Every structure is written in C-alpha cells, then in structure tokens.
$ cat final38.pdb   # PDB, C-alpha atoms
ATOM      1  CA  MET E   1       3.172  14.676  -8.684  1.00  0.00           C
ATOM      2  CA  GLN E   2       6.630  13.138  -8.562  1.00  0.00           C
ATOM      3  CA  ASP E   3       7.425   9.615  -7.451  1.00  0.00           C
ATOM      4  CA  GLN E   4      10.718   9.628  -5.559  1.00  0.00           C
ATOM      5  CA  ARG E   5      12.300   6.479  -4.191  1.00  0.00           C
ATOM      6  CA  TYR E   6      15.422   5.732  -2.194  1.00  0.00           C
ATOM      7  CA  ALA E   7      17.659   3.661  -4.436  1.00  0.00           C
ATOM      8  CA  SER E   8      21.248   2.622  -4.995  1.00  0.00           C
ATOM      9  CA  ARG E   9      22.575   3.483  -8.436  1.00  0.00           C
ATOM     10  CA  CYS E  10      25.865   1.916  -9.515  1.00  0.00           C
ATOM     11  CA  GLN E  11      27.988   1.672 -12.610  1.00  0.00           C
ATOM     12  CA  THR E  12      28.600  -1.905 -13.691  1.00  0.00           C
ATOM     13  CA  THR E  13      31.878  -2.952 -15.274  1.00  0.00           C
ATOM     14  CA  PHE E  14      33.094  -6.447 -16.093  1.00  0.00           C
ATOM     15  CA  GLN E  15      36.350  -8.026 -15.017  1.00  0.00           C
ATOM     16  CA  THR E  16      37.832 -11.244 -16.397  1.00  0.00           C
ATOM     17  CA  VAL E  17      38.625 -13.832 -13.745  1.00  0.00           C
ATOM     18  CA  LEU E  18      40.333 -17.177 -14.370  1.00  0.00           C
ATOM     19  CA  ILE E  19      38.572 -20.122 -12.704  1.00  0.00           C
ATOM     20  CA  ASP E  20      40.087 -23.591 -12.253  1.00  0.00           C
ATOM     21  CA  ILE E  21      37.528 -26.170 -13.387  1.00  0.00           C
ATOM     22  CA  ASP E  22      39.735 -29.265 -12.890  1.00  0.00           C
ATOM     23  CA  PRO E  23      38.790 -31.080  -9.643  1.00  0.00           C
ATOM     24  CA  GLY E  24      41.992 -33.139  -9.772  1.00  0.00           C
ATOM     25  CA  PRO E  25      45.634 -32.165  -9.257  1.00  0.00           C
ATOM     26  CA  GLY E  26      45.842 -30.562 -12.729  1.00  0.00           C
ATOM     27  CA  VAL E  27      44.895 -27.030 -13.626  1.00  0.00           C
ATOM     28  CA  ILE E  28      42.376 -26.089 -16.310  1.00  0.00           C
ATOM     29  CA  LEU E  29      41.650 -22.368 -16.295  1.00  0.00           C
ATOM     30  CA  ILE E  30      38.763 -20.740 -18.119  1.00  0.00           C
ATOM     31  CA  PRO E  31      38.091 -16.994 -18.319  1.00  0.00           C
ATOM     32  CA  VAL E  32      34.786 -15.813 -16.825  1.00  0.00           C
ATOM     33  CA  GLN E  33      33.352 -12.303 -17.021  1.00  0.00           C
ATOM     34  CA  VAL E  34      32.304 -11.130 -13.517  1.00  0.00           C
ATOM     35  CA  PRO E  35      30.242  -7.958 -12.989  1.00  0.00           C
ATOM     36  CA  VAL E  36      31.820  -5.414 -10.647  1.00  0.00           C
ATOM     37  CA  LEU E  37      29.765  -2.571  -9.154  1.00  0.00           C
ATOM     38  CA  GLY E  38      31.460   0.787  -8.691  1.00  0.00           C
ATOM     39  CA  ASN E  39      30.695   4.460  -8.084  1.00  0.00           C
ATOM     40  CA  CYS E  40      27.554   3.568  -6.110  1.00  0.00           C
ATOM     41  CA  VAL E  41      25.323   6.409  -4.903  1.00  0.00           C
ATOM     42  CA  ASN E  42      22.494   5.852  -2.420  1.00  0.00           C
ATOM     43  CA  ALA E  43      19.979   8.668  -2.755  1.00  0.00           C
ATOM     44  CA  TYR E  44      16.399   9.652  -3.460  1.00  0.00           C
ATOM     45  CA  ALA E  45      15.767   9.773  -7.186  1.00  0.00           C
ATOM     46  CA  THR E  46      12.738  10.698  -9.255  1.00  0.00           C
ATOM     47  CA  ALA E  47      11.341   7.484 -10.707  1.00  0.00           C
ATOM     48  CA  ASN E  48       8.482   8.967 -12.736  1.00  0.00           C
ATOM     49  CA  THR E  49       6.225  11.997 -12.862  1.00  0.00           C
ATOM     50  CA  GLY E  50       2.523  12.344 -13.367  1.00  0.00           C
ATOM     51  CA  LYS E  51       1.590   8.683 -12.844  1.00  0.00           C
ATOM     52  CA  GLY E  52       1.041   9.081  -9.108  1.00  0.00           C
ATOM     53  CA  THR E  53      -2.173  11.092  -9.339  1.00  0.00           C
ATOM     54  CA  TRP E  54      -5.039   9.386  -7.541  1.00  0.00           C
ATOM     55  CA  ASN E  55      -8.607  10.646  -7.717  1.00  0.00           C
ATOM     56  CA  ASN E  56     -10.413   9.181  -4.721  1.00  0.00           C
ATOM     57  CA  ARG E  57     -14.110   9.548  -4.060  1.00  0.00           C
ATOM     58  CA  ALA E  58     -15.823   8.885  -0.744  1.00  0.00           C
ATOM     59  CA  VAL E  59     -19.588   8.909  -0.229  1.00  0.00           C
ATOM     60  CA  GLU E  60     -21.772   8.338   2.813  1.00  0.00           C
ATOM     61  CA  LEU E  61     -25.543   8.102   2.701  1.00  0.00           C
ATOM     62  CA  GLY E  62     -27.635   7.644   5.846  1.00  0.00           C
ATOM     63  CA  LEU E  63     -31.276   7.392   6.823  1.00  0.00           C
ATOM     64  CA  THR E  64     -32.885   7.700  10.253  1.00  0.00           C
ATOM     65  CA  TRP E  65     -36.485   6.839  11.125  1.00  0.00           C
ATOM     66  CA  GLN E  66     -38.157   7.487  14.511  1.00  0.00           C
ATOM     67  CA  PRO E  67     -41.581   5.821  14.717  1.00  0.00           C
ATOM     68  CA  LEU E  68     -41.762   6.392  18.532  1.00  0.00           C
ATOM     69  CA  ALA E  69     -40.067   8.870  20.854  1.00  0.00           C
ATOM     70  CA  SER E  70     -38.061   6.003  22.422  1.00  0.00           C
ATOM     71  CA  LEU E  71     -37.323   3.999  19.234  1.00  0.00           C
ATOM     72  CA  THR E  72     -35.072   4.995  16.328  1.00  0.00           C
ATOM     73  CA  GLY E  73     -34.080   2.939  13.309  1.00  0.00           C
ATOM     74  CA  PHE E  74     -31.120   3.815  11.107  1.00  0.00           C
ATOM     75  CA  ALA E  75     -29.328   2.634   7.990  1.00  0.00           C
ATOM     76  CA  SER E  76     -26.260   3.829   6.092  1.00  0.00           C
ATOM     77  CA  VAL E  77     -24.009   2.907   3.189  1.00  0.00           C
ATOM     78  CA  THR E  78     -20.499   4.250   2.591  1.00  0.00           C
ATOM     79  CA  ARG E  79     -17.806   4.083  -0.042  1.00  0.00           C
ATOM     80  CA  HIS E  80     -14.404   4.946   1.417  1.00  0.00           C
ATOM     81  CA  PHE E  81     -10.685   4.853   0.653  1.00  0.00           C
ATOM     82  CA  ARG E  82      -7.334   4.810   2.430  1.00  0.00           C
ATOM     83  CA  ASN E  83      -4.237   6.266   0.791  1.00  0.00           C
ATOM     84  CA  PRO E  84      -0.871   4.623   1.544  1.00  0.00           C
ATOM     85  CA  ASN E  85       1.187   6.467   4.140  1.00  0.00           C
ATOM     86  CA  ILE E  86       4.728   7.720   3.503  1.00  0.00           C
ATOM     87  CA  ASP E  87       6.388   4.609   4.989  1.00  0.00           C
ATOM     88  CA  GLU E  88       4.419   2.349   2.657  1.00  0.00           C
ATOM     89  CA  LEU E  89       5.200   4.515  -0.382  1.00  0.00           C
ATOM     90  CA  LEU E  90       8.938   4.616   0.330  1.00  0.00           C
ATOM     91  CA  LEU E  91       9.639   0.921  -0.269  1.00  0.00           C
ATOM     92  CA  ALA E  92       6.513  -0.053  -2.193  1.00  0.00           C
ATOM     93  CA  ALA E  93       6.050  -1.665  -5.559  1.00  0.00           C
ATOM     94  CA  ASP E  94       5.047   0.612  -8.427  1.00  0.00           C
ATOM     95  CA  SER E  95       1.580  -0.957  -8.445  1.00  0.00           C
ATOM     96  CA  LEU E  96       0.672   0.264  -4.920  1.00  0.00           C
ATOM     97  CA  GLN E  97      -2.728   1.990  -4.999  1.00  0.00           C
ATOM     98  CA  PRO E  98      -5.192   3.347  -2.421  1.00  0.00           C
ATOM     99  CA  GLN E  99      -7.375   0.775  -0.702  1.00  0.00           C
ATOM    100  CA  THR E 100     -11.108   1.135  -1.269  1.00  0.00           C
ATOM    101  CA  GLY E 101     -14.072  -0.361   0.519  1.00  0.00           C
ATOM    102  CA  ARG E 102     -17.826  -0.320   0.972  1.00  0.00           C
ATOM    103  CA  THR E 103     -19.761  -0.606   4.219  1.00  0.00           C
ATOM    104  CA  ALA E 104     -23.465  -1.028   4.968  1.00  0.00           C
ATOM    105  CA  GLU E 105     -25.066  -0.607   8.407  1.00  0.00           C
ATOM    106  CA  LEU E 106     -28.543  -1.306   9.739  1.00  0.00           C
ATOM    107  CA  GLY E 107     -29.530  -0.748  13.344  1.00  0.00           C
ATOM    108  CA  VAL E 108     -31.977   0.258  16.024  1.00  0.00           C
ATOM    109  CA  ARG E 109     -31.739   2.428  19.172  1.00  0.00           C
ATOM    110  CA  TYR E 110     -34.122   2.070  22.099  1.00  0.00           C
ATOM    111  CA  THR E 111     -34.209   4.751  24.800  1.00  0.00           C
ATOM    112  CA  PRO E 112     -36.595   3.701  27.610  1.00  0.00           C
ATOM    113  CA  HIS E 113     -35.289   6.456  29.984  1.00  0.00           C
ATOM    114  CA  ALA E 114     -33.205   9.610  29.559  1.00  0.00           C
ATOM    115  CA  ASP E 115     -30.303   7.854  31.372  1.00  0.00           C
ATOM    116  CA  LEU E 116     -30.378   4.620  29.342  1.00  0.00           C
ATOM    117  CA  GLU E 117     -30.019   3.860  25.644  1.00  0.00           C
ATOM    118  CA  LEU E 118     -29.730   0.398  24.082  1.00  0.00           C
ATOM    119  CA  SER E 119     -28.409   0.021  20.564  1.00  0.00           C
ATOM    120  CA  ALA E 120     -27.886  -2.860  18.143  1.00  0.00           C
ATOM    121  CA  THR E 121     -26.163  -2.576  14.769  1.00  0.00           C
ATOM    122  CA  VAL E 122     -25.475  -5.048  11.969  1.00  0.00           C
ATOM    123  CA  PHE E 123     -22.825  -4.067   9.458  1.00  0.00           C
ATOM    124  CA  GLY E 124     -20.900  -5.615   6.662  1.00  0.00           C
TER     125      GLY E 124
END
$ encode --input "final38.pdb" --output "structure tokens"
Amino acid sequence: MQDQRYASRCQTTFQTVLIDIDPGPGVILIPVQVPVLGNCVNAYATANTGKGTWNNRAVELGLTWQPLASLTGFASVTRHFRNPNIDELLLAADSLQPQTGRTAELGVRYTPHADLELSATVFG
C-alpha cells in the first residue's frame, strides 16, 4: 500500500538582505540571510510505502431466547471498526488510524397481537 499526499515541494535558497537597525536618523545596516522559495511544485507524492496496512477485525455475537410465544429476550456484543475515508486521509496526520469500538445490547420484545410489537433495548 502506498501513502500519497498532496504537497508543495520547493527548493530553498538564501538571499542576503541589508536591514537598517538604527531607529534614529542614522543608518546602521546589518546583513541578514532570508530564505527564498523557488521552483515550487504542487503535486501528489508518495510519502511512504508499506506502513499503511491495517488489519481490522469485526465480531458480532448474539443470543435470542423465547420463553413464551409472545415474549423474546435478546443480547448481543460487537467489536467494530471504521476506516478513514479518502477526504480524511488526504490531509491527515501520519498517525491517523481506523476507529474501533465495542457495543453491548440487552433487550426484550413483546408481541401481544400479530399487528403489534413492543420492544425495549438498553445498549452501551
């Protein structure tokens, strides 16, 4: 995998500039080296290779229990991830990684009639 970023690459040269440091009517000039950017190219460039490999694992485990025809209990746990999208990767820091998370759910469904179902879920 290659990591390509949009960047400006310039050659830096230095130019000597004389600066007047006397606040009064006299003139005291000192030479100062000032960086000057030239030959700038704005383009996509390969920043590194091989370091952008992410191995993501997602797991979901669920359990359902129906003690009565009209009553169902359920529980689940998940481990999930979200990879950055292309817009986030374009201007991101090198340390950007996928987001990971865990979720647990516990709930009950009650179906008194074929046309009606009530459900309550707690998750975190």
$ atom_distance --input "final38.pdb" --atom1 "atom CA of Asp115 of chain E" --atom2 "atom CA of Val77 of chain E"
29.3 Å
$ residues_around --input "final38.pdb" --residues "Pro31 of chain E" --least-positions-apart "4" --cutoff "10 Å" --atoms "all atoms listed in the file" --output "list in words"
Gln15, Thr16, Val17, Leu18, Ile19 and Asp20 of chain E
$ atom_distance --input "final38.pdb" --atom1 "atom CA of Arg9 of chain E" --atom2 "atom CA of Asn39 of chain E"
8.2 Å
$ resolve_selection --input "final38.pdb" --expression "the PyMOL selection byres ((chain E and resi 107) around 8)" --output "PyMOL selection string"
chain E and resi 73-75+105-106+108-109+119-122
$ atom_distance --input "final38.pdb" --atom1 "atom CA of Leu118 of chain E" --atom2 "atom CA of Leu68 of chain E"
14.5 Å
$ resolve_selection --input "final38.pdb" --expression "the PyMOL selection byres ((chain E and resi 83) around 12)" --output "PDB file with C-alpha atoms, keeping the file's coordinate frame"
ATOM      1  CA  GLY E  52       1.041   9.081  -9.108  1.00  0.00           C
ATOM      2  CA  THR E  53      -2.173  11.092  -9.339  1.00  0.00           C
ATOM      3  CA  TRP E  54      -5.039   9.386  -7.541  1.00  0.00           C
ATOM      4  CA  ASN E  55      -8.607  10.646  -7.717  1.00  0.00           C
ATOM      5  CA  ASN E  56     -10.413   9.181  -4.721  1.00  0.00           C
ATOM      6  CA  ARG E  57     -14.110   9.548  -4.060  1.00  0.00           C
ATOM      7  CA  ALA E  58     -15.823   8.885  -0.744  1.00  0.00           C
ATOM      8  CA  HIS E  80     -14.404   4.946   1.417  1.00  0.00           C
ATOM      9  CA  PHE E  81     -10.685   4.853   0.653  1.00  0.00           C
ATOM     10  CA  ARG E  82      -7.334   4.810   2.430  1.00  0.00           C
ATOM     11  CA  PRO E  84      -0.871   4.623   1.544  1.00  0.00           C
ATOM     12  CA  ASN E  85       1.187   6.467   4.140  1.00  0.00           C
ATOM     13  CA  ILE E  86       4.728   7.720   3.503  1.00  0.00           C
ATOM     14  CA  ASP E  87       6.388   4.609   4.989  1.00  0.00           C
ATOM     15  CA  GLU E  88       4.419   2.349   2.657  1.00  0.00           C
ATOM     16  CA  LEU E  89       5.200   4.515  -0.382  1.00  0.00           C
ATOM     17  CA  LEU E  96       0.672   0.264  -4.920  1.00  0.00           C
ATOM     18  CA  GLN E  97      -2.728   1.990  -4.999  1.00  0.00           C
ATOM     19  CA  PRO E  98      -5.192   3.347  -2.421  1.00  0.00           C
ATOM     20  CA  GLN E  99      -7.375   0.775  -0.702  1.00  0.00           C
ATOM     21  CA  THR E 100     -11.108   1.135  -1.269  1.00  0.00           C
ATOM     22  CA  GLY E 101     -14.072  -0.361   0.519  1.00  0.00           C
TER      23      GLY E 101
END
$ closest_residue --input "final38.pdb" --among "E:Thr103, E:Val36, E:Asp22, E:Val41" --to "Leu61 of chain E" --atoms "all atoms listed in the file"
E:Thr103
$ closest_residue --input "final38.pdb" --among "E:Tyr110, E:Gly124, E:Ala7, E:Thr13" --to "Gln66 of chain E" --atoms "only C-alpha atoms"
E:Tyr110
